[in-house]
>>> print(open('structure.cif').read())   # mmCIF, C-alpha atoms
data_input
loop_
_atom_site.group_PDB
_atom_site.id
_atom_site.type_symbol
_atom_site.label_atom_id
_atom_site.label_comp_id
_atom_site.auth_asym_id
_atom_site.auth_seq_id
_atom_site.Cartn_x
_atom_site.Cartn_y
_atom_site.Cartn_z
ATOM 1 C CA MET A 1 23.123 -144.376 193.290
ATOM 2 C CA ARG A 2 21.299 -145.783 190.276
ATOM 3 C CA LYS A 3 20.839 -143.059 187.644
ATOM 4 C CA ILE A 4 23.125 -140.205 186.597
ATOM 5 C CA LEU A 5 22.224 -137.430 184.169
ATOM 6 C CA CYS A 6 24.914 -135.539 182.247
ATOM 7 C CA PRO A 7 23.758 -132.552 180.162
ATOM 8 C CA THR A 8 26.084 -131.806 177.273
ATOM 9 C CA ASP A 9 26.474 -129.137 174.624
ATOM 10 C CA PHE A 10 29.484 -130.994 173.134
ATOM 11 C CA SER A 11 31.911 -128.324 174.359
ATOM 12 C CA ALA A 12 35.238 -128.972 176.085
ATOM 13 C CA THR A 13 33.621 -127.933 179.359
ATOM 14 C CA SER A 14 30.810 -130.471 179.114
ATOM 15 C CA ASP A 15 33.330 -133.101 178.006
ATOM 16 C CA LYS A 16 35.155 -132.584 181.308
ATOM 17 C CA ALA A 17 31.871 -133.081 183.169
ATOM 18 C CA LEU A 18 31.284 -136.248 181.155
ATOM 19 C CA GLU A 19 34.613 -137.623 182.392
ATOM 20 C CA TYR A 20 33.374 -137.219 185.979
ATOM 21 C CA ALA A 21 29.965 -138.681 185.113
ATOM 22 C CA VAL A 22 31.560 -141.766 183.563
ATOM 23 C CA HIS A 23 33.970 -142.135 186.492
ATOM 24 C CA THR A 24 31.061 -142.022 188.941
ATOM 25 C CA ALA A 25 28.877 -144.381 186.893
ATOM 26 C CA GLN A 26 31.705 -146.911 186.705
ATOM 27 C CA HIS A 27 32.254 -146.957 190.459
ATOM 28 C CA ALA A 28 28.549 -146.886 191.323
ATOM 29 C CA GLY A 29 27.455 -149.389 188.678
ATOM 30 C CA ALA A 30 24.907 -146.792 187.629
ATOM 31 C CA HIS A 31 23.021 -145.936 184.456
ATOM 32 C CA LEU A 32 24.298 -142.808 182.713
ATOM 33 C CA THR A 33 22.100 -140.697 180.453
ATOM 34 C CA LEU A 34 23.530 -138.010 178.208
ATOM 35 C CA LEU A 35 21.135 -135.107 177.678
ATOM 36 C CA HIS A 36 21.147 -132.458 174.987
ATOM 37 C CA VAL A 37 18.416 -129.854 174.684
ATOM 38 C CA VAL A 38 17.587 -127.592 171.774
ATOM 39 C CA HIS A 39 15.609 -124.435 172.430
ATOM 40 C CA LEU A 40 14.569 -121.874 169.857
ATOM 41 C CA PRO A 41 12.903 -118.547 170.667
ATOM 42 C CA ILE A 42 9.199 -118.041 170.024
ATOM 43 C CA VAL A 43 8.492 -116.606 166.574
ATOM 44 C CA ASP A 44 5.512 -114.509 165.538
ATOM 45 C CA THR A 45 5.176 -114.882 161.761
ATOM 46 C CA SER A 46 4.673 -117.808 159.455
ATOM 47 C CA GLU A 47 7.856 -116.992 157.541
ATOM 48 C CA THR A 48 10.073 -116.948 160.620
ATOM 49 C CA ALA A 49 8.260 -120.003 161.946
ATOM 50 C CA LEU A 50 9.208 -121.936 158.803
ATOM 51 C CA VAL A 51 12.847 -120.878 159.105
ATOM 52 C CA ALA A 52 12.856 -121.757 162.788
ATOM 53 C CA SER A 53 11.346 -125.170 162.072
ATOM 54 C CA GLU A 54 13.998 -125.938 159.476
ATOM 55 C CA LEU A 55 16.742 -124.752 161.810
ATOM 56 C CA LEU A 56 15.353 -126.841 164.650
ATOM 57 C CA GLY A 57 15.244 -129.935 162.464
ATOM 58 C CA GLU A 58 18.850 -129.447 161.422
ATOM 59 C CA GLN A 59 20.000 -128.894 165.004
ATOM 60 C CA MET A 60 18.138 -131.989 166.199
ATOM 61 C CA ARG A 61 19.689 -134.163 163.478
ATOM 62 C CA ASN A 62 23.188 -132.869 164.178
ATOM 63 C CA ALA A 63 22.772 -133.331 167.912
ATOM 64 C CA ALA A 64 21.442 -136.875 167.489
ATOM 65 C CA GLU A 65 24.512 -137.813 165.445
ATOM 66 C CA LYS A 66 26.838 -136.355 168.084
ATOM 67 C CA LEU A 67 25.010 -138.120 170.913
ATOM 68 C CA LYS A 68 25.156 -141.463 169.134
ATOM 69 C CA ALA A 69 28.854 -140.960 168.440
ATOM 70 C CA THR A 70 29.481 -140.107 172.098
ATOM 71 C CA VAL A 71 27.704 -143.232 173.346
ATOM 72 C CA LEU A 72 29.695 -145.318 170.849
ATOM 73 C CA ARG A 73 32.912 -143.745 172.128
ATOM 74 C CA LEU A 74 31.963 -144.560 175.720
ATOM 75 C CA GLU A 75 31.230 -148.138 174.707
ATOM 76 C CA GLU A 76 34.583 -148.522 172.990
ATOM 77 C CA LYS A 77 36.703 -146.653 175.551
ATOM 78 C CA TYR A 78 35.017 -147.563 178.843
ATOM 79 C CA GLY A 79 32.962 -150.664 178.056
ATOM 80 C CA ALA A 80 29.601 -148.949 178.572
ATOM 81 C CA ASN A 81 26.662 -151.279 177.850
ATOM 82 C CA ARG A 82 29.171 -154.120 177.735
ATOM 83 C CA ASP A 83 31.569 -155.202 180.466
ATOM 84 C CA GLY A 84 32.452 -151.769 181.854
ATOM 85 C CA GLY A 85 30.131 -151.979 184.830
ATOM 86 C CA PHE A 86 27.686 -149.304 183.738
ATOM 87 C CA SER A 87 25.068 -148.656 181.077
ATOM 88 C CA CYS A 88 24.616 -145.548 178.965
ATOM 89 C CA ASP A 89 22.023 -143.975 176.666
ATOM 90 C CA TYR A 90 21.006 -140.488 175.565
ATOM 91 C CA LEU A 91 18.050 -138.116 175.461
ATOM 92 C CA LEU A 92 17.468 -135.354 172.916
ATOM 93 C CA LYS A 93 14.784 -132.820 173.801
ATOM 94 C CA GLU A 94 13.341 -129.616 172.396
ATOM 95 C CA ALA A 95 12.918 -127.722 175.642
ATOM 96 C CA LEU A 96 14.649 -125.659 178.312
ATOM 97 C CA LEU A 97 17.398 -127.483 180.148
ATOM 98 C CA THR A 98 16.047 -126.505 183.552
ATOM 99 C CA ASP A 99 12.591 -127.889 182.713
ATOM 100 C CA VAL A 100 13.947 -131.214 181.466
ATOM 101 C CA ALA A 101 16.386 -131.609 184.351
ATOM 102 C CA GLU A 102 13.687 -130.791 186.900
ATOM 103 C CA HIS A 103 11.300 -133.358 185.382
ATOM 104 C CA LEU A 104 13.937 -136.086 185.193
ATOM 105 C CA SER A 105 15.133 -135.557 188.753
ATOM 106 C CA LYS A 106 11.625 -135.521 190.215
ATOM 107 C CA GLN A 107 9.777 -137.996 187.991
ATOM 108 C CA GLU A 108 12.392 -140.326 186.512
ATOM 109 C CA GLY A 109 14.493 -141.035 189.575
ATOM 110 C CA TYR A 110 17.819 -139.489 188.625
ATOM 111 C CA ASP A 111 20.029 -139.360 191.716
ATOM 112 C CA LEU A 112 22.784 -137.085 190.458
ATOM 113 C CA ILE A 113 23.270 -134.503 187.716
ATOM 114 C CA VAL A 114 26.839 -133.929 186.535
ATOM 115 C CA MET A 115 27.353 -130.846 184.402
ATOM 116 C CA GLY A 116 30.077 -128.446 183.395
ATOM 117 C CA THR A 117 30.688 -124.893 184.391
ATOM 118 C CA THR A 118 33.376 -122.470 183.390
ATOM 119 C CA GLY A 119 35.433 -119.513 184.534
ATOM 120 C CA LEU A 120 35.168 -115.821 183.856
ATOM 121 C CA ASP A 121 37.833 -116.059 181.176
ATOM 122 C CA SER A 122 35.187 -117.319 178.772
ATOM 123 C CA THR A 123 32.253 -114.916 178.634
ATOM 124 C CA MET A 124 30.174 -116.857 176.128
ATOM 125 C CA GLU A 125 30.618 -120.172 177.919
ATOM 126 C CA GLU A 126 29.831 -118.488 181.236
ATOM 127 C CA LEU A 127 26.553 -117.212 179.843
ATOM 128 C CA LEU A 128 25.552 -120.467 178.162
ATOM 129 C CA ILE A 129 26.913 -123.004 180.632
ATOM 130 C CA GLY A 130 27.430 -121.178 183.912
ATOM 131 C CA SER A 131 23.941 -119.688 184.028
ATOM 132 C CA ASN A 132 22.430 -123.047 183.098
ATOM 133 C CA THR A 133 24.332 -124.742 185.912
ATOM 134 C CA GLU A 134 23.110 -122.227 188.452
ATOM 135 C CA SER A 135 19.511 -122.513 187.201
ATOM 136 C CA VAL A 136 19.576 -126.300 187.328
ATOM 137 C CA MET A 137 20.930 -126.227 190.883
ATOM 138 C CA GLU A 138 18.042 -123.996 191.895
ATOM 139 C CA GLU A 139 15.288 -126.122 190.366
ATOM 140 C CA VAL A 140 16.118 -129.824 190.594
ATOM 141 C CA SER A 141 15.441 -132.109 193.526
ATOM 142 C CA CYS A 142 18.655 -134.146 193.347
ATOM 143 C CA ALA A 143 22.319 -133.397 193.944
ATOM 144 C CA VAL A 144 24.286 -131.562 191.251
ATOM 145 C CA LEU A 145 27.999 -132.067 190.680
ATOM 146 C CA SER A 146 29.345 -128.977 188.923
ATOM 147 C CA VAL A 147 32.646 -129.595 187.144
ATOM 148 C CA PRO A 148 34.808 -126.645 186.049
ATOM 149 C CA LYS A 149 36.456 -126.635 182.658
ATOM 150 C CA HIS A 150 39.932 -126.804 184.178
ATOM 151 C CA ALA A 151 39.209 -129.433 186.828
ATOM 152 C CA PRO A 152 41.806 -132.208 187.148
ATOM 153 C CA SER A 153 41.153 -135.710 185.861
ATOM 154 C CA PRO A 154 38.367 -137.351 187.866
ATOM 155 C CA LYS A 155 39.396 -138.697 191.255
ATOM 156 C CA ILE A 156 37.121 -138.809 194.281
ATOM 157 C CA GLU A 157 39.167 -139.932 197.254
ATOM 158 C CA ARG A 158 38.494 -137.010 199.615
ATOM 159 C CA ILE A 159 35.286 -134.981 199.910
ATOM 160 C CA VAL A 160 35.308 -131.740 201.907
ATOM 161 C CA TYR A 161 31.846 -130.968 203.276
ATOM 162 C CA ALA A 162 31.081 -127.421 204.471
ATOM 163 C CA SER A 163 28.922 -127.694 207.596
ATOM 164 C CA ASP A 164 27.193 -125.306 209.955
ATOM 165 C CA TYR A 165 25.941 -128.070 212.299
ATOM 166 C CA SER A 166 22.355 -127.756 211.099
ATOM 167 C CA GLU A 167 19.681 -130.446 210.808
ATOM 168 C CA GLU A 168 19.925 -130.069 207.042
ATOM 169 C CA ASP A 169 23.545 -131.180 207.213
ATOM 170 C CA VAL A 170 22.506 -134.581 208.537
ATOM 171 C CA HIS A 171 20.261 -135.258 205.538
ATOM 172 C CA ALA A 172 22.851 -133.909 203.114
ATOM 173 C CA MET A 173 25.527 -136.115 204.642
ATOM 174 C CA GLU A 174 23.501 -139.161 203.633
ATOM 175 C CA GLU A 175 24.028 -138.163 199.995
ATOM 176 C CA VAL A 176 27.687 -137.313 200.572
ATOM 177 C CA VAL A 177 28.243 -140.702 202.194
ATOM 178 C CA GLU A 178 26.407 -142.450 199.363
ATOM 179 C CA LEU A 179 28.679 -140.838 196.792
ATOM 180 C CA GLY A 180 31.807 -141.295 198.879
ATOM 181 C CA SER A 181 31.089 -144.973 199.509
ATOM 182 C CA CYS A 182 31.274 -145.659 195.768
ATOM 183 C CA PHE A 183 34.953 -144.687 195.919
ATOM 184 C CA GLY A 184 35.883 -145.497 199.510
ATOM 185 C CA ALA A 185 36.456 -141.763 199.905
ATOM 186 C CA LYS A 186 37.393 -139.982 203.114
ATOM 187 C CA ILE A 187 34.951 -137.259 204.153
ATOM 188 C CA ASP A 188 36.136 -134.152 205.989
ATOM 189 C CA VAL A 189 33.343 -132.227 207.712
ATOM 190 C CA VAL A 190 34.588 -128.642 207.990
ATOM 191 C CA HIS A 191 33.044 -125.839 210.029
ATOM 192 C CA ILE A 192 34.385 -122.286 209.810
ATOM 193 C CA VAL A 193 33.972 -119.783 212.653
ATOM 194 C CA LYS A 194 34.810 -116.117 212.171
ATOM 195 C CA ASP A 195 36.371 -115.317 215.540
ATOM 196 C CA GLN A 196 38.978 -117.184 217.552
ATOM 197 C CA GLY A 197 37.575 -118.485 220.814
ATOM 198 C CA LYS A 198 33.997 -118.706 219.594
ATOM 199 C CA GLN A 199 34.013 -122.358 218.626
ATOM 200 C CA ASP A 200 30.683 -124.117 219.025
ATOM 201 C CA GLY A 201 31.785 -126.623 221.676
ATOM 202 C CA GLU A 202 28.655 -128.436 222.823
ATOM 203 C CA GLU A 203 26.854 -128.037 219.515
ATOM 204 C CA ALA A 204 29.854 -129.358 217.622
ATOM 205 C CA ALA A 205 30.270 -132.327 219.955
ATOM 206 C CA ALA A 206 26.605 -133.298 219.653
ATOM 207 C CA PHE A 207 26.731 -132.983 215.878
ATOM 208 C CA ARG A 208 29.826 -135.157 215.630
ATOM 209 C CA LEU A 209 28.338 -137.834 217.850
ATOM 210 C CA GLU A 210 25.164 -137.910 215.754
ATOM 211 C CA LEU A 211 27.045 -138.323 212.486
ATOM 212 C CA GLN A 212 29.393 -140.927 213.934
ATOM 213 C CA GLY A 213 26.367 -142.866 215.175
ATOM 214 C CA LEU A 214 24.631 -142.671 211.797
ATOM 215 C CA PHE A 215 27.730 -143.579 209.782
ATOM 216 C CA PRO A 216 29.883 -145.753 212.070
ATOM 217 C CA ASP A 217 31.917 -147.356 209.292
ATOM 218 C CA VAL A 218 32.522 -144.207 207.225
ATOM 219 C CA PRO A 219 35.986 -142.563 207.379
ATOM 220 C CA LEU A 220 34.814 -139.198 208.747
ATOM 221 C CA SER A 221 36.975 -136.438 210.167
ATOM 222 C CA PHE A 222 35.820 -133.182 211.746
ATOM 223 C CA GLN A 223 37.586 -129.846 211.476
ATOM 224 C CA GLU A 224 36.629 -126.542 213.120
ATOM 225 C CA LEU A 225 38.696 -123.669 211.758
ATOM 226 C CA THR A 226 38.828 -119.908 212.245
ATOM 227 C CA ASN A 227 38.698 -117.501 209.336
ATOM 228 C CA LYS A 228 36.894 -114.177 208.947
ATOM 229 C CA HIS A 229 35.944 -115.198 205.410
ATOM 230 C CA ARG A 230 34.166 -118.530 205.295
ATOM 231 C CA ASP A 231 34.889 -119.191 201.642
ATOM 232 C CA GLU A 232 38.600 -118.477 202.027
ATOM 233 C CA GLY A 233 38.804 -120.770 205.034
ATOM 234 C CA LEU A 234 37.103 -123.605 203.205
ATOM 235 C CA MET A 235 39.222 -123.247 200.102
ATOM 236 C CA ALA A 236 42.425 -123.056 202.153
ATOM 237 C CA TYR A 237 41.514 -126.265 203.945
ATOM 238 C CA TYR A 238 40.428 -127.933 200.692
ATOM 239 C CA THR A 239 43.786 -127.140 199.108
ATOM 240 C CA GLN A 240 45.837 -128.143 202.154
ATOM 241 C CA ALA A 241 43.960 -131.422 202.637
ATOM 242 C CA GLY A 242 44.099 -132.371 198.959
ATOM 243 C CA GLY A 243 40.342 -132.399 198.442
ATOM 244 C CA ASP A 244 38.792 -133.806 195.274
ATOM 245 C CA VAL A 245 35.218 -132.516 195.682
ATOM 246 C CA MET A 246 33.787 -129.650 197.729
ATOM 247 C CA ALA A 247 30.247 -130.275 198.995
ATOM 248 C CA LEU A 248 27.735 -127.604 200.033
ATOM 249 C CA VAL A 249 24.059 -127.546 200.981
ATOM 250 C CA ARG A 250 21.594 -125.484 198.965
ATOM 251 C CA ARG A 251 19.557 -124.287 201.918
ATOM 252 C CA GLU A 252 16.914 -122.268 200.101
ATOM 253 C CA LYS A 253 16.000 -121.071 196.664
ATOM 254 C CA GLY A 254 18.244 -118.242 195.596
ATOM 255 C CA PHE A 255 21.108 -119.448 197.782
ATOM 256 C CA LEU A 256 23.661 -118.923 195.021
ATOM 257 C CA LYS A 257 22.972 -115.196 195.218
ATOM 258 C CA ARG A 258 23.222 -114.917 198.987
ATOM 259 C CA LEU A 259 25.516 -117.577 200.370
ATOM 260 C CA PHE A 260 28.651 -116.317 202.153
ATOM 261 C CA THR A 261 27.935 -112.635 201.386
ATOM 262 C CA GLN A 262 29.483 -112.554 197.906
ATOM 263 C CA SER A 263 28.334 -116.115 197.323
ATOM 264 C CA LEU A 264 30.871 -118.874 197.733
ATOM 265 C CA ALA A 265 28.785 -121.250 195.663
ATOM 266 C CA GLU A 266 28.354 -118.755 192.850
ATOM 267 C CA ARG A 267 32.036 -117.879 192.806
ATOM 268 C CA MET A 268 33.005 -121.530 192.920
ATOM 269 C CA THR A 269 30.510 -122.402 190.226
ATOM 270 C CA TYR A 270 31.912 -119.794 187.847
ATOM 271 C CA GLN A 271 35.549 -119.447 188.833
ATOM 272 C CA ALA A 272 36.887 -122.323 190.909
ATOM 273 C CA LYS A 273 39.004 -125.136 189.634
ATOM 274 C CA VAL A 274 37.384 -127.673 191.951
ATOM 275 C CA PRO A 275 34.309 -129.867 191.445
ATOM 276 C CA LEU A 276 31.393 -128.613 193.542
ATOM 277 C CA LEU A 277 28.682 -130.960 194.833
ATOM 278 C CA VAL A 278 25.511 -128.996 195.641
ATOM 279 C CA LEU A 279 23.041 -130.834 197.869
ATOM 280 C CA HIS A 280 19.476 -130.157 198.925
ATOM 281 C CA GLY A 281 19.216 -130.141 202.680
ATOM 282 C CA LYS A 282 15.984 -131.245 204.320
ATOM 283 C CA LYS A 283 15.211 -130.850 207.972
ATOM 284 C CA LYS A 284 14.376 -133.970 209.920
ATOM 285 C CA ALA A 285 10.706 -134.605 210.556
#
>>> encode(input="structure.cif", output="structure tokens")
Amino acid sequence: MRKILCPTDFSATSDKALEYAVHTAQHAGAHLTLLHVVHLPIVDTSETALVASELLGEQMRNAAEKLKATVLRLEEKYGANRDGGFSCDYLLKEALLTDVAEHLSKQEGYDLIVMGTTGLDSTMEELLIGSNTESVMEEVSCAVLSVPKHAPSPKIERIVYASDYSEEDVHAMEEVVELGSCFGAKIDVVHIVKDQGKQDGEEAAAFRLELQGLFPDVPLSFQELTNKHRDEGLMAYYTQAGGDVMALVRREKGFLKRLFTQSLAERMTYQAKVPLLVLHGKKKA
């Protein structure tokens, strides 16, 4: 993992995401880029265009000052760009966040995007941050770590990966292992079946053997649990096992609207108190 992108709007929620981004950059020895975007609506008269231009200029100047101050704080507190084991800079763009994030992930080699999301107790933040998080997950080509406002202090010692034994899981596990290896984290591969007695015996055994062969030195465990509601089963296991990050595969565009009936990923993105790592599964050639 070489490059991490952390969008920020300078809110408490994005500050929590920044804590996780810094924690990951430190352990990975990665480069961390802070990103702030300013977007103004299209105007249709010269008078409103002038006002919009002045407003944009003011917002850009204010944001630049905040970004510089944040980088300075990271240098002083964590040793960024010095002896802290990671480097840090910032980007300020006039654009849509999804467009910038998509370009950076596809063209500039960013491996991970770490950004904040929030719960339903904050309507404005949900609209501004939560919807942005969902949109970024849908459009970018790299993994996205979504960090809720009330997440605990960053610690990544156990990752719970939700699996359905698909080919996409194998590719996604490469990214999970890459992240986990930065921390020496244990990885629990969890599969939920709805009905007792319908465990996927042969399929599960073959899947486990494949992963163990691909990652022989990784501390993997495999759990097959029964619960009529997949999301409830995963969250119950996550809580019982003391998970630090929940990992899921984004299997197709629009998955946040369809996954697990009422959408586990969407509910977790907006409401959960756990960091959610969303991966982009690719079938083997």
>>> closest_residue(input="structure.cif", among="A:Asp231, A:Glu139, A:Glu58, A:Asp89", to="A:Cys6", atoms="all atoms listed in the file")
A:Asp89
>>> resolve_selection(input="structure.cif", expression="the PyMOL selection byres ((chain A and resi 151) around 8)", output="number ranges by chain")
A: 16, 147-150, 152-153, 273-275
>>> atom_distance(input="structure.cif", atom1="atom CA of A:Leu18", atom2="atom CA of A:Phe215")
29.8 Å
>>> atom_distance(input="structure.cif", atom1="atom CA of A:His229", atom2="atom CA of A:Asp195")
10.1 Å
>>> residues_around(input="structure.cif", residues="stretch 31-34 of chain A", least_positions_apart="2", cutoff="7 Å", atoms="all atoms listed in the file", output="PyMOL selection string")
chain A and resi 2-8+25+36+86-91
>>> atom_distance(input="structure.cif", atom1="atom CA of A:Asp169", atom2="atom CA of A:Glu19")
27.9 Å
>>> resolve_selection(input="structure.cif", expression="the PyMOL selection byres ((chain A and resi 137) around 10)", output="ChimeraX atom specification")
/A:98,101-102,113,131-136,138-146,250,253-256,277-280
>>> resolve_selection(input="structure.cif", expression="the PyMOL selection byres ((chain A and resi 192) around 12)", output="ChimeraX atom specification")
/A:161-165,189-191,193-196,198-200,204,222-237,260
>>> write_last_selection(input="structure.cif", atoms="C-alpha atoms", output="PDB file, keeping the file's coordinate frame")
ATOM      1  CA  TYR A 161      31.846-130.968 203.276  1.00  0.00           C
ATOM      2  CA  ALA A 162      31.081-127.421 204.471  1.00  0.00           C
ATOM      3  CA  SER A 163      28.922-127.694 207.596  1.00  0.00           C
ATOM      4  CA  ASP A 164      27.193-125.306 209.955  1.00  0.00           C
ATOM      5  CA  TYR A 165      25.941-128.070 212.299  1.00  0.00           C
ATOM      6  CA  VAL A 189      33.343-132.227 207.712  1.00  0.00           C
ATOM      7  CA  VAL A 190      34.588-128.642 207.990  1.00  0.00           C
ATOM      8  CA  HIS A 191      33.044-125.839 210.029  1.00  0.00           C
ATOM      9  CA  VAL A 193      33.972-119.783 212.653  1.00  0.00           C
ATOM     10  CA  LYS A 194      34.810-116.117 212.171  1.00  0.00           C
ATOM     11  CA  ASP A 195      36.371-115.317 215.540  1.00  0.00           C
ATOM     12  CA  GLN A 196      38.978-117.184 217.552  1.00  0.00           C
ATOM     13  CA  LYS A 198      33.997-118.706 219.594  1.00  0.00           C
ATOM     14  CA  GLN A 199      34.013-122.358 218.626  1.00  0.00           C
ATOM     15  CA  ASP A 200      30.683-124.117 219.025  1.00  0.00           C
ATOM     16  CA  ALA A 204      29.854-129.358 217.622  1.00  0.00           C
ATOM     17  CA  PHE A 222      35.820-133.182 211.746  1.00  0.00           C
ATOM     18  CA  GLN A 223      37.586-129.846 211.476  1.00  0.00           C
ATOM     19  CA  GLU A 224      36.629-126.542 213.120  1.00  0.00           C
ATOM     20  CA  LEU A 225      38.696-123.669 211.758  1.00  0.00           C
ATOM     21  CA  THR A 226      38.828-119.908 212.245  1.00  0.00           C
ATOM     22  CA  ASN A 227      38.698-117.501 209.336  1.00  0.00           C
ATOM     23  CA  LYS A 228      36.894-114.177 208.947  1.00  0.00           C
ATOM     24  CA  HIS A 229      35.944-115.198 205.410  1.00  0.00           C
ATOM     25  CA  ARG A 230      34.166-118.530 205.295  1.00  0.00           C
ATOM     26  CA  ASP A 231      34.889-119.191 201.642  1.00  0.00           C
ATOM     27  CA  GLU A 232      38.600-118.477 202.027  1.00  0.00           C
ATOM     28  CA  GLY A 233      38.804-120.770 205.034  1.00  0.00           C
ATOM     29  CA  LEU A 234      37.103-123.605 203.205  1.00  0.00           C
ATOM     30  CA  MET A 235      39.222-123.247 200.102  1.00  0.00           C
ATOM     31  CA  ALA A 236      42.425-123.056 202.153  1.00  0.00           C
ATOM     32  CA  TYR A 237      41.514-126.265 203.945  1.00  0.00           C
ATOM     33  CA  PHE A 260      28.651-116.317 202.153  1.00  0.00           C
TER      34      PHE A 260
END
>>> residues_around(input="structure.cif", residues="A:Met1", least_positions_apart="6", cutoff="8 Å", atoms="all atoms listed in the file", output="count of residues only")
6
>>> residues_around(input="structure.cif", residues="A:Ala95", least_positions_apart="2", cutoff="10 Å", atoms="only C-alpha atoms", output="ChimeraX atom specification")
/A:36-40,92-93,97-100
>>> build_atoms(input="structure.cif", residues="stretch 56-69 of chain A", atoms="N, CA, C and O atoms", output="CSV table (one decimal), in the frame of the given file")
chain,number,residue,atom,x,y,z
A,56,LEU,N,15.5,-125.9,163.6
A,56,LEU,CA,15.4,-126.8,164.6
A,56,LEU,C,15.6,-128.3,164.2
A,56,LEU,O,16.3,-129.0,164.8
A,57,GLY,N,15.0,-128.6,163.0
A,57,GLY,CA,15.2,-129.9,162.5
A,57,GLY,C,16.7,-130.2,162.2
A,57,GLY,O,17.2,-131.3,162.5
A,58,GLU,N,17.4,-129.3,161.7
A,58,GLU,CA,18.8,-129.4,161.4
A,58,GLU,C,19.6,-129.6,162.7
A,58,GLU,O,20.5,-130.5,162.8
A,59,GLN,N,19.3,-128.8,163.7
A,59,GLN,CA,20.0,-128.9,165.0
A,59,GLN,C,19.7,-130.2,165.7
A,59,GLN,O,20.6,-130.8,166.3
A,60,MET,N,18.5,-130.7,165.6
A,60,MET,CA,18.1,-132.0,166.2
A,60,MET,C,18.9,-133.1,165.5
A,60,MET,O,19.4,-134.0,166.2
A,61,ARG,N,19.0,-133.1,164.2
A,61,ARG,CA,19.7,-134.2,163.5
A,61,ARG,C,21.2,-134.2,163.8
A,61,ARG,O,21.8,-135.2,164.1
A,62,ASN,N,21.8,-133.0,163.8
A,62,ASN,CA,23.2,-132.9,164.2
A,62,ASN,C,23.5,-133.3,165.6
A,62,ASN,O,24.4,-134.1,165.9
A,63,ALA,N,22.6,-132.9,166.5
A,63,ALA,CA,22.8,-133.3,167.9
A,63,ALA,C,22.6,-134.8,168.1
A,63,ALA,O,23.4,-135.5,168.8
A,64,ALA,N,21.7,-135.4,167.4
A,64,ALA,CA,21.4,-136.9,167.5
A,64,ALA,C,22.7,-137.6,167.0
A,64,ALA,O,23.1,-138.6,167.6
A,65,GLU,N,23.3,-137.2,165.9
A,65,GLU,CA,24.5,-137.8,165.4
A,65,GLU,C,25.6,-137.7,166.5
A,65,GLU,O,26.4,-138.7,166.7
A,66,LYS,N,25.8,-136.5,167.1
A,66,LYS,CA,26.8,-136.4,168.1
A,66,LYS,C,26.6,-137.2,169.3
A,66,LYS,O,27.5,-137.8,169.9
A,67,LEU,N,25.3,-137.3,169.7
A,67,LEU,CA,25.0,-138.1,170.9
A,67,LEU,C,25.3,-139.6,170.7
A,67,LEU,O,25.9,-140.3,171.5
A,68,LYS,N,24.9,-140.1,169.5
A,68,LYS,CA,25.2,-141.5,169.1
A,68,LYS,C,26.7,-141.7,169.1
A,68,LYS,O,27.1,-142.8,169.6
A,69,ALA,N,27.4,-140.8,168.5
A,69,ALA,CA,28.9,-141.0,168.4
A,69,ALA,C,29.5,-141.0,169.8
A,69,ALA,O,30.4,-141.7,170.1
